[in-house]
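**Student:** One structure, as structure tokens, below. Some questions next.
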Amino acid sequence: MQVAEKRSGTASGQRRAKPTGAKPHLATADDTGLLDALPIAAAIIDQAPDFSFNVLAHNSRFEAMVRQSSCTALDWNAADCLRSGRIADLLQNFFNGTNVAGELDFKDGDGVAARHFRVKLAPLPRARRGNVRCLLSVVDRTVEVQSERALRSEMLRDSLTGLPNRLGFSEAIETAGEMVSRDVEHAVLVVDVLRFSRINESVGSLAGDELLITFARRLILALRAGDVLARTGGNEFGVLVSLRRGIADALKAAERIQQVITAPFKISELEIRVECAIGLALMNSAQDPEELFRNAQFAVKQAKLAGKPQIYEPKQATEARRRFSIETELRRALDKDQLKLFYQPLIDLKSGEVAGFEALARWEHEDRGDISPAEFIPVAEESGLILQLGRWAMDKAAQTLAGWDLQHGEALPLYVGVNLSAIQVARDDIASVVSSALKASGLTGDRFSLELTESSIVQDPARATRVFDALKALDATVAMDDFGTGYSSLAYLQRLPIDVLKIDKSFVSGMMVDPDAVAIVRAVLSLADALGMSTTAEGIETVELATTLATLGCASGQGYYFAKPLEASAALDYWNSRRR
Ligand code: C2E
Ligand code: CA
Ligand code: CA
């Protein structure tokens with residue numbers, strides 16, 4: 001063996017040149033003696049002015065190691081060392097001064113026979129001939145690496161089943177995640193053994209362990225080549241499956257799992273039936289393995305409630321789906337006239353009598369129960385259904401009020417407030433909606449207060465002005481709803497024919513705790529006063545609020561303290577009960 005190499009070329013030049021097999025520089029007896037005293041394989045190397053590396057001296061350990069090694073990386077004459085270039089690069093960087101404490105790990109051979117080495121360079125004082133020198137040492141780290149690996153695989157393994165544990169599973173997911181970019185899809189299934197602690201208690205923990213092992217064996221039967229099974233918790237298993245046909249494959253895997261566990265388990269003379277809940281989560285690119293696993297665990301919770309495997313869906317997707325189905329069902333409900341209009345009393349805060357009612361839409365869904373207008377009105381606005389809903393509300397309110405008049409024998413001293421959405425203002429002919437309701441019911445415009453929001457002005461002030469004027473021409477009252485929450489300018493407030501400011505309930509309910517809220521309410525009241533408008537406070541929930549607002553000069557109010565929105569007949573009863 002020859003442990004010398006002569007490199008030609010420079011760092012940037014012919015780095016991959018073949019070694020020339022030049023004669024080794026003779027080591028001095030001193031150097032070799034010193035090196036022999038070292039407990040590790042070592043050699044002294046310098047770089048000649050022509051940039052070639054020379055092995056000046058080496059110890060017998062170094063020679064023995066090189067001889068033993070199948071690895072050409074240590075054979076300075078063999079092409080591999082230079083072809084891989086890693087030791088050459090290390091030396092080059094060292095002599096360039098870019099990395100004077102260089103170190104390099106490399107592997108010699110493959111599989112179980114692989115040996116692991118670490119090469120280190122350390123500077124030495126210049127030799128007499130003046131070349132810069134370094135000490136190259138090689139440590140055999142094979143034992144260290146092997147025990148590290150053994151420890152690591154121990155760490156990644158569940159000792160009962162021999163399967164990867166939670167940590168090992170995370171690593172498997174991570175590896176699979178790197179394939180996502182290559183269009184291989186994956187899903188994680190979490191399989192939860194139901195009532196396992198009960199089984200464990202009644203058969204004992206040894207039998208419980210046996211059950212888990214048998215359970216794991218059955219799960220393996222449900223898997224396909226390349227799938228990974230792991231025990232991720234006491235009674236929880238994780239399965240990583242690769243998908244060829246998307247979500248259908250993942251559901252098939254869940255189905256196979258359900259199938260393999262249907263037969264009872266025979267554990268110490270007992271026949272035990274085991275059920276499981278399965279949650280699935282699909283992997284998307286660049287996803288954190290932990291997050292994916294948590295998603296699948298979340299789906300398990302839902303699977304327990306649903307009694308069948310559940311796929312995790314991000315919140316937005318679930319919300320979008322709900323909105324979409326609400327839209328479809330709202331359209332149907334409107335067509336079938338399934339919505340109701342409730343009436344919340346508007347109280348004259350001075351006299352305590354009912355001055356009018358606000359009409360509020362109610363939807364009692366056959367399956368879902370009550371759906372709040374706070375949820376379906378925005379959906380109606382987004383889908384355009386609000387035009388139909390708005391006309392319905394106007395017609396219905398007029399019908400109800402006319403019905404009350406009829407019942408009473410004369411026109412009641414009451415008005416009804418009807419909400420008009422900004423979308424209606426922008427897209428519908430509101431004046432004709434109102435006038436046709438008036439015509440159909442035979443009522444006059446002054447029996448209605450139309451509640452518009454600041455947003456209907458902001459979008460198209462010119463159009464809003466026309467609409468407001470048209471409503472005034474019908475003799476209706478115009479109220480600015482949710483006042484203070486939007487961004488209307490004071491100029492429009494002054495210019496538009498607005499009769500009432502409705503102070504939003506967020507300010508009203510804040511009054512008792514927040515001095516700023518009181519200041520805002522005071523400001524709105526004096527603004528209304530200055531502009532010659534009346535005021536209504538929303539959301540009065542206590543007697544204190546009612547009296548405070550009355551003292552501050554607010555004309556009327558509505559809120560749960562007086563009454564919640566009521567059905568038409570109950571609303572009329574309420575009016576009667578408060579008459580003086
Ligand atoms: P809004 O016009 O501000 O209506 C007042 C809301 O406050 C109503 O909620 C009412 O039930 C609630 N409320 C009344 N008093 C109290 C109280 O003391 N405390 C609390 N916490 N809340 C009180 P609702 O009925 O859920 O309606 C929500 C919103 O849906 C309404 O807000 C309105 O913007 C819209 N909306 C309802 N019906 C219709 C409609 O027929 N057409 C249009 N365009 N919008 C409607
Ligand atoms: Ca309103
Ligand atoms: Ca309001």
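Just remember, in the structure tokens the first chain shown is A, the second B, etc., residues are 1-based per chain, and ligands are 1-based in the order shown.
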Which residues sit within 6 Å of ligand 2, counting only C-alpha atoms and all ligand atoms, listed as a list in words?
**Tutor:**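 Residues lying within 6 Å of ligand 2: Asn419, Glu451 and Asp481 of chain A.
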**Student:** With C-alpha atoms retained, write the just-selected residues as a short mmCIF file (atom, residue, chain, number, x, y, z; two decimals), in the first residue's frame.
**Tutor:**
data_model
loop_
_atom_site.label_atom_id
_atom_site.label_comp_id
_atom_site.auth_asym_id
_atom_site.auth_seq_id
_atom_site.Cartn_x
_atom_site.Cartn_y
_atom_site.Cartn_z
CA ASN A 419 -84.86 45.71 8.34
CA GLU A 451 -84.11 50.21 9.27
CA ASP A 481 -79.60 50.80 12.33
#
**Student:** Counting only C-alpha atoms and all ligand atoms, what are the residues, protein, DNA or RNA alike, that approach ligand 3 to within 7 Å? I want them as a ChimeraX atom specification.
**Tutor:** /A:481-482,502,504-505,538
**Student:** Please return as a CSV table (one decimal) with all heavy atoms, in the first residue's frame the residues found within 8 Å of ligand 1, counting only C-alpha atoms and all ligand atoms.
**Tutor:**
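Result written to part13.csv:
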chain,number,residue,atom,x,y,z
A,341,LEU,N,-91.8,35.6,11.0
A,341,LEU,CA,-91.4,37.0,11.4
A,341,LEU,C,-91.9,37.2,12.9
A,341,LEU,O,-93.0,37.0,13.2
A,341,LEU,CB,-92.1,38.0,10.5
A,341,LEU,CG,-91.3,39.3,10.2
A,341,LEU,CD1,-89.9,39.0,9.7
A,341,LEU,CD2,-92.0,40.1,9.2
A,344,GLN,N,-90.3,42.4,18.1
A,344,GLN,CA,-89.8,42.8,19.4
A,344,GLN,C,-90.3,44.2,19.7
A,344,GLN,O,-90.2,45.1,18.9
A,344,GLN,CB,-88.3,42.8,19.4
A,344,GLN,CG,-87.7,43.1,20.8
A,344,GLN,CD,-86.2,43.0,20.9
A,344,GLN,OE1,-85.5,43.4,19.9
A,344,GLN,NE2,-85.7,42.5,22.0
A,358,GLU,N,-90.1,45.8,16.2
A,358,GLU,CA,-89.2,45.5,15.1
A,358,GLU,C,-89.5,44.1,14.6
A,358,GLU,O,-89.5,43.2,15.4
A,358,GLU,CB,-87.7,45.7,15.6
A,358,GLU,CG,-86.8,45.3,14.5
A,358,GLU,CD,-85.3,45.5,14.8
A,358,GLU,OE1,-84.9,45.9,15.9
A,358,GLU,OE2,-84.5,45.2,13.9
A,359,ALA,N,-89.6,44.0,13.3
A,359,ALA,CA,-89.9,42.7,12.8
A,359,ALA,C,-88.5,42.0,12.5
A,359,ALA,O,-87.6,42.6,11.9
A,359,ALA,CB,-90.6,42.8,11.4
A,360,LEU,N,-88.4,40.8,13.1
A,360,LEU,CA,-87.1,40.0,13.0
A,360,LEU,C,-87.4,38.6,12.4
A,360,LEU,O,-88.3,37.9,12.9
A,360,LEU,CB,-86.4,40.0,14.3
A,360,LEU,CG,-85.9,41.3,14.9
A,360,LEU,CD1,-85.8,41.3,16.4
A,360,LEU,CD2,-84.6,41.7,14.2
A,361,ALA,N,-86.6,38.3,11.4
A,361,ALA,CA,-86.8,37.0,10.8
A,361,ALA,C,-86.4,35.8,11.7
A,361,ALA,O,-85.4,35.9,12.4
A,361,ALA,CB,-86.1,36.9,9.5
A,362,ARG,N,-87.2,34.8,11.7
A,362,ARG,CA,-86.8,33.6,12.4
A,362,ARG,C,-86.9,32.3,11.5
A,362,ARG,O,-87.8,32.2,10.7
A,362,ARG,CB,-87.8,33.4,13.6
A,362,ARG,CG,-87.6,34.4,14.7
A,362,ARG,CD,-86.3,34.2,15.5
A,362,ARG,NE,-86.1,35.2,16.5
A,362,ARG,CZ,-85.4,36.3,16.2
A,362,ARG,NH1,-84.9,36.6,15.0
A,362,ARG,NH2,-85.1,37.1,17.2
A,372,SER,N,-79.9,31.1,13.7
A,372,SER,CA,-79.9,32.5,14.0
A,372,SER,C,-79.8,33.4,12.7
A,372,SER,O,-79.1,33.1,11.8
A,372,SER,CB,-78.8,32.9,14.9
A,372,SER,OG,-78.5,34.3,14.9
A,373,PRO,N,-80.6,34.5,12.7
A,373,PRO,CA,-80.5,35.4,11.6
A,373,PRO,C,-79.0,35.9,11.4
A,373,PRO,O,-78.6,36.2,10.3
A,373,PRO,CB,-81.4,36.6,11.9
A,373,PRO,CG,-82.1,36.2,13.1
A,373,PRO,CD,-81.5,35.0,13.7
A,374,ALA,N,-78.3,36.0,12.5
A,374,ALA,CA,-76.9,36.4,12.4
A,374,ALA,C,-76.1,35.4,11.5
A,374,ALA,O,-75.1,35.8,11.0
A,374,ALA,CB,-76.3,36.4,13.8
A,375,GLU,N,-76.6,34.2,11.4
A,375,GLU,CA,-76.0,33.3,10.5
A,375,GLU,C,-76.6,33.3,9.1
A,375,GLU,O,-75.9,33.3,8.1
A,375,GLU,CB,-76.0,31.8,11.1
A,375,GLU,CG,-75.3,30.8,10.2
A,375,GLU,CD,-75.1,29.5,10.9
A,375,GLU,OE1,-75.7,29.2,11.9
A,375,GLU,OE2,-74.4,28.7,10.3
A,377,ILE,N,-78.7,35.5,7.6
A,377,ILE,CA,-78.9,36.8,6.8
A,377,ILE,C,-77.6,37.0,6.0
A,377,ILE,O,-77.7,37.3,4.8
A,377,ILE,CB,-79.2,38.0,7.8
A,377,ILE,CG1,-80.6,37.8,8.4
A,377,ILE,CG2,-79.0,39.3,7.0
A,377,ILE,CD1,-81.7,38.0,7.5
A,386,ILE,N,-81.4,37.5,-0.3
A,386,ILE,CA,-81.9,38.6,0.6
A,386,ILE,C,-82.9,39.4,-0.1
A,386,ILE,O,-83.8,40.0,0.6
A,386,ILE,CB,-80.7,39.5,1.1
A,386,ILE,CG1,-81.2,40.4,2.2
A,386,ILE,CG2,-80.1,40.3,0.0
A,386,ILE,CD1,-81.4,39.7,3.5
A,389,LEU,N,-86.0,37.4,0.5
A,389,LEU,CA,-86.3,37.4,1.9
A,389,LEU,C,-86.8,38.8,2.3
A,389,LEU,O,-87.7,38.9,3.1
A,389,LEU,CB,-85.0,37.1,2.7
A,389,LEU,CG,-85.1,36.8,4.2
A,389,LEU,CD1,-84.0,35.8,4.6
A,389,LEU,CD2,-85.1,38.0,5.1
A,390,GLY,N,-86.1,39.9,1.8
A,390,GLY,CA,-86.5,41.2,2.2
A,390,GLY,C,-87.9,41.6,1.7
A,390,GLY,O,-88.7,42.2,2.5
A,393,ALA,N,-90.3,39.8,4.1
A,393,ALA,CA,-90.4,40.4,5.4
A,393,ALA,C,-91.3,41.6,5.3
A,393,ALA,O,-92.1,41.8,6.2
A,393,ALA,CB,-89.0,40.7,5.9
A,394,MET,N,-91.1,42.4,4.3
A,394,MET,CA,-91.9,43.6,4.2
A,394,MET,C,-93.4,43.3,4.0
A,394,MET,O,-94.2,43.9,4.7
A,394,MET,CB,-91.4,44.4,2.9
A,394,MET,CG,-92.0,45.8,2.8
A,394,MET,SD,-91.7,46.9,4.1
A,394,MET,CE,-93.2,47.7,4.4
A,418,VAL,N,-89.0,47.5,9.9
A,418,VAL,CA,-88.5,46.4,9.0
A,418,VAL,C,-87.1,46.7,8.6
A,418,VAL,O,-86.7,47.8,8.2
A,418,VAL,CB,-89.4,46.3,7.7
A,418,VAL,CG1,-88.9,45.2,6.8
A,418,VAL,CG2,-90.9,46.1,8.1
A,419,ASN,N,-86.3,45.6,8.7
A,419,ASN,CA,-84.9,45.7,8.3
A,419,ASN,C,-84.7,45.6,6.8
A,419,ASN,O,-85.2,44.7,6.2
A,419,ASN,CB,-84.1,44.6,9.0
A,419,ASN,CG,-84.0,44.8,10.5
A,419,ASN,OD1,-83.3,45.6,11.0
A,419,ASN,ND2,-84.8,44.0,11.3
A,420,LEU,N,-83.8,46.5,6.3
A,420,LEU,CA,-83.5,46.4,4.9
A,420,LEU,C,-82.0,46.3,4.8
A,420,LEU,O,-81.2,47.1,5.3
A,420,LEU,CB,-84.0,47.7,4.2
A,420,LEU,CG,-85.5,47.9,4.1
A,420,LEU,CD1,-85.8,49.3,3.5
A,420,LEU,CD2,-86.2,46.8,3.3
A,421,SER,N,-81.6,45.3,4.1
A,421,SER,CA,-80.1,45.1,3.9
A,421,SER,C,-79.5,46.0,2.9
A,421,SER,O,-80.2,46.5,2.0
A,421,SER,CB,-79.9,43.6,3.5
A,421,SER,OG,-78.7,43.5,2.7
A,422,ALA,N,-78.2,46.3,3.1
A,422,ALA,CA,-77.5,47.1,2.1
A,422,ALA,C,-77.6,46.5,0.7
A,422,ALA,O,-77.5,47.2,-0.3
A,422,ALA,CB,-76.0,47.3,2.6
A,424,GLN,N,-80.1,44.9,-0.6
A,424,GLN,CA,-81.4,45.3,-1.1
A,424,GLN,C,-81.3,46.8,-1.7
A,424,GLN,O,-81.8,47.0,-2.7
A,424,GLN,CB,-82.5,45.3,-0.1
A,424,GLN,CG,-82.9,43.8,0.3
A,424,GLN,CD,-83.9,43.9,1.5
A,424,GLN,OE1,-83.4,43.8,2.6
A,424,GLN,NE2,-85.2,44.0,1.2
A,451,GLU,N,-85.4,50.2,8.6
A,451,GLU,CA,-84.1,50.2,9.3
A,451,GLU,C,-83.0,49.9,8.3
A,451,GLU,O,-82.9,48.8,7.7
A,451,GLU,CB,-84.1,49.2,10.4
A,451,GLU,CG,-85.2,49.5,11.5
A,451,GLU,CD,-85.0,48.7,12.8
A,451,GLU,OE1,-84.0,47.9,12.9
A,451,GLU,OE2,-85.8,48.9,13.7
A,481,ASP,N,-79.8,51.9,11.4
A,481,ASP,CA,-79.6,50.8,12.3
A,481,ASP,C,-78.1,50.7,12.7
A,481,ASP,O,-77.2,51.1,12.0
A,481,ASP,CB,-80.1,49.5,11.6
A,481,ASP,CG,-80.5,48.4,12.6
A,481,ASP,OD1,-80.3,48.6,13.8
A,481,ASP,OD2,-81.0,47.4,12.1
A,482,ASP,N,-77.9,50.0,13.9
A,482,ASP,CA,-76.5,49.7,14.3
A,482,ASP,C,-75.6,50.9,14.3
A,482,ASP,O,-74.5,50.9,14.0
A,482,ASP,CB,-75.9,48.6,13.4
A,482,ASP,CG,-76.7,47.4,13.3
A,482,ASP,OD1,-77.5,47.1,14.2
A,482,ASP,OD2,-76.5,46.6,12.4
A,504,ASP,N,-76.4,51.1,18.6
A,504,ASP,CA,-76.1,49.7,18.6
A,504,ASP,C,-76.0,49.1,20.0
A,504,ASP,O,-75.5,49.7,20.9
A,504,ASP,CB,-74.8,49.4,17.8
A,504,ASP,CG,-74.6,48.0,17.5
A,504,ASP,OD1,-75.3,47.4,16.7
A,504,ASP,OD2,-73.7,47.3,18.2
A,505,LYS,N,-76.4,47.8,20.1
A,505,LYS,CA,-76.4,47.2,21.4
A,505,LYS,C,-75.0,47.0,22.0
A,505,LYS,O,-74.9,46.9,23.2
A,505,LYS,CB,-77.2,45.9,21.5
A,505,LYS,CG,-76.7,44.8,20.6
A,505,LYS,CD,-77.6,43.5,21.0
A,505,LYS,CE,-77.3,42.4,20.0
A,505,LYS,NZ,-77.8,42.6,18.7
A,509,SER,N,-74.9,47.8,25.9
A,509,SER,CA,-74.6,46.8,26.9
A,509,SER,C,-73.2,47.1,27.6
A,509,SER,O,-73.0,46.7,28.7
A,509,SER,CB,-74.5,45.4,26.3
A,509,SER,OG,-73.7,45.4,25.2
A,538,GLU,N,-80.8,49.9,21.5
A,538,GLU,CA,-81.0,48.4,21.3
A,538,GLU,C,-80.3,47.7,22.5
A,538,GLU,O,-79.4,48.2,23.0
A,538,GLU,CB,-80.3,47.9,20.1
A,538,GLU,CG,-80.8,48.4,18.8
A,538,GLU,CD,-79.9,47.9,17.6
A,538,GLU,OE1,-78.8,47.5,17.9
A,538,GLU,OE2,-80.4,47.8,16.5
A,539,GLY,N,-80.9,46.5,22.8
A,539,GLY,CA,-80.1,45.6,23.8
A,539,GLY,C,-80.2,46.1,25.2
A,539,GLY,O,-79.3,45.9,26.0
A,540,ILE,N,-81.4,46.6,25.6
A,540,ILE,CA,-81.6,47.0,27.0
A,540,ILE,C,-81.9,45.7,27.8
A,540,ILE,O,-83.0,45.1,27.6
A,540,ILE,CB,-82.7,48.0,27.2
A,540,ILE,CG1,-82.3,49.3,26.3
A,540,ILE,CG2,-82.9,48.4,28.6
A,540,ILE,CD1,-83.4,50.3,26.3
A,541,GLU,N,-81.0,45.3,28.6
A,541,GLU,CA,-81.2,44.0,29.3
A,541,GLU,C,-81.6,44.2,30.8
A,541,GLU,O,-81.9,43.2,31.5
A,541,GLU,CB,-80.0,43.1,29.1
A,541,GLU,CG,-79.9,42.7,27.7
A,541,GLU,CD,-78.8,41.6,27.5
A,541,GLU,OE1,-78.1,41.3,28.4
A,541,GLU,OE2,-78.6,41.1,26.3
A,558,GLN,N,-85.4,49.0,23.1
A,558,GLN,CA,-85.9,47.6,22.9
A,558,GLN,C,-84.8,46.7,23.6
A,558,GLN,O,-83.7,47.1,23.7
A,558,GLN,CB,-86.0,47.2,21.5
A,558,GLN,CG,-84.7,47.1,20.7
A,558,GLN,CD,-84.9,47.0,19.2
A,558,GLN,OE1,-84.7,47.9,18.5
A,558,GLN,NE2,-85.2,45.8,18.8
A,559,GLY,N,-85.3,45.6,24.1
A,559,GLY,CA,-84.3,44.7,24.7
A,559,GLY,C,-85.0,43.7,25.6
A,559,GLY,O,-86.2,43.7,25.8
A,560,TYR,N,-84.2,42.7,25.9
A,560,TYR,CA,-84.7,41.5,26.7
A,560,TYR,C,-85.3,41.9,28.0
A,560,TYR,O,-86.2,41.3,28.6
A,560,TYR,CB,-83.6,40.5,26.9
A,560,TYR,CG,-83.1,39.8,25.6
A,560,TYR,CD1,-82.0,39.0,25.6
A,560,TYR,CD2,-83.8,40.0,24.4
A,560,TYR,CE1,-81.5,38.5,24.5
A,560,TYR,CE2,-83.3,39.5,23.3
A,560,TYR,CZ,-82.1,38.7,23.3
A,560,TYR,OH,-81.7,38.1,22.1
A,561,TYR,N,-84.9,43.1,28.5
A,561,TYR,CA,-85.5,43.6,29.8
A,561,TYR,C,-87.0,43.8,29.6
A,561,TYR,O,-87.8,43.4,30.5
A,561,TYR,CB,-84.9,44.9,30.3
A,561,TYR,CG,-85.7,45.5,31.4
A,561,TYR,CD1,-85.8,44.9,32.6
A,561,TYR,CD2,-86.3,46.8,31.1
A,561,TYR,CE1,-86.6,45.5,33.6
A,561,TYR,CE2,-87.0,47.4,32.1
A,561,TYR,CZ,-87.2,46.8,33.3
A,561,TYR,OH,-87.9,47.3,34.3
A,563,ALA,N,-88.9,42.8,26.5
A,563,ALA,CA,-89.4,41.5,25.9
A,563,ALA,C,-88.4,41.1,24.8
A,563,ALA,O,-87.8,41.9,24.1
A,563,ALA,CB,-90.8,41.8,25.3
A,564,LYS,N,-88.4,39.8,24.6
A,564,LYS,CA,-87.7,39.2,23.5
A,564,LYS,C,-88.6,39.3,22.3
A,564,LYS,O,-89.8,39.6,22.4
A,564,LYS,CB,-87.4,37.7,23.7
A,564,LYS,CG,-86.3,37.5,24.8
A,564,LYS,CD,-85.7,36.2,24.7
A,564,LYS,CE,-84.5,36.1,25.6
A,564,LYS,NZ,-83.8,34.9,25.6
A,565,PRO,N,-88.1,39.1,21.1
A,565,PRO,CA,-88.9,39.1,19.9
A,565,PRO,C,-90.0,38.0,20.1
A,565,PRO,O,-89.8,36.9,20.5
A,565,PRO,CB,-88.0,38.7,18.8
A,565,PRO,CG,-86.7,39.2,19.2
A,565,PRO,CD,-86.6,38.9,20.7
**Student:** Leaving out Lys439 of chain A and any residue of its chain fewer than 3 positions from it, which residues lie within 12 Å of it when counting only C-alpha atoms, given as JSON, numbers by chain?
**Tutor:** {"A": [394, 395, 398, 399, 402, 432, 433, 434, 435, 436, 442, 443, 444, 445, 474]}
**Student:** Ranking A:Asn99, A:Gln287, A:Ile267, A:Thr214 by minimum distance to Glu174 of chain A and counting only C-alpha atoms, which one comes first?
**Tutor:**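 Ranking A:Asn99, A:Gln287, A:Ile267, A:Thr214 by distance to Glu174 of chain A, first place goes to A:Gln287.
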**Student:** Show me, as a list in words, the residues that have an atom within 12 Å of Ile247 of chain A when counting only C-alpha atoms, minus same-chain residues fewer than 2 positions from it.
**Tutor:**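 Non-adjacent residues within range: Glu185, His186, Ala187, Val188, Leu189, Val241, Ser242, Leu243, Arg244, Arg245, Asp249, Ala250, Leu251, Lys252, Ala253, Ala254, Leu280, Ala281, Leu282, Met283, Gln310, Ile311 and Tyr312 of chain A.
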**Student:** Grab the atom CA of Ala317 of chain A to atom CA of Asn284 of chain A distance for me, in Å with one decimal place.
**Tutor:**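 Straight-line distance from atom CA of Ala317 of chain A to atom CA of Asn284 of chain A works out to 14.4 Å.
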**Student:** Output as a count of residues only all residues of segment 71-237 of chain A that backbone DSSP marks as helix (DSSP H, G or I).
**Tutor:** 78
**Student:** Could you pull out all residues of segment 180-348 of chain A with a DSSP call of strand (DSSP E or B) and give them as a ChimeraX atom specification?
**Tutor:** /A:185-193,228-233,236-243,265-267,270-272,276-282,310-311,339-348
**Student:** Write out as a count of residues only each polymer residue whose atoms come within 9 Å of Glu327 of chain A, counting only C-alpha atoms; drop sequence neighbours fewer than 4 positions from it.
**Tutor:** 9
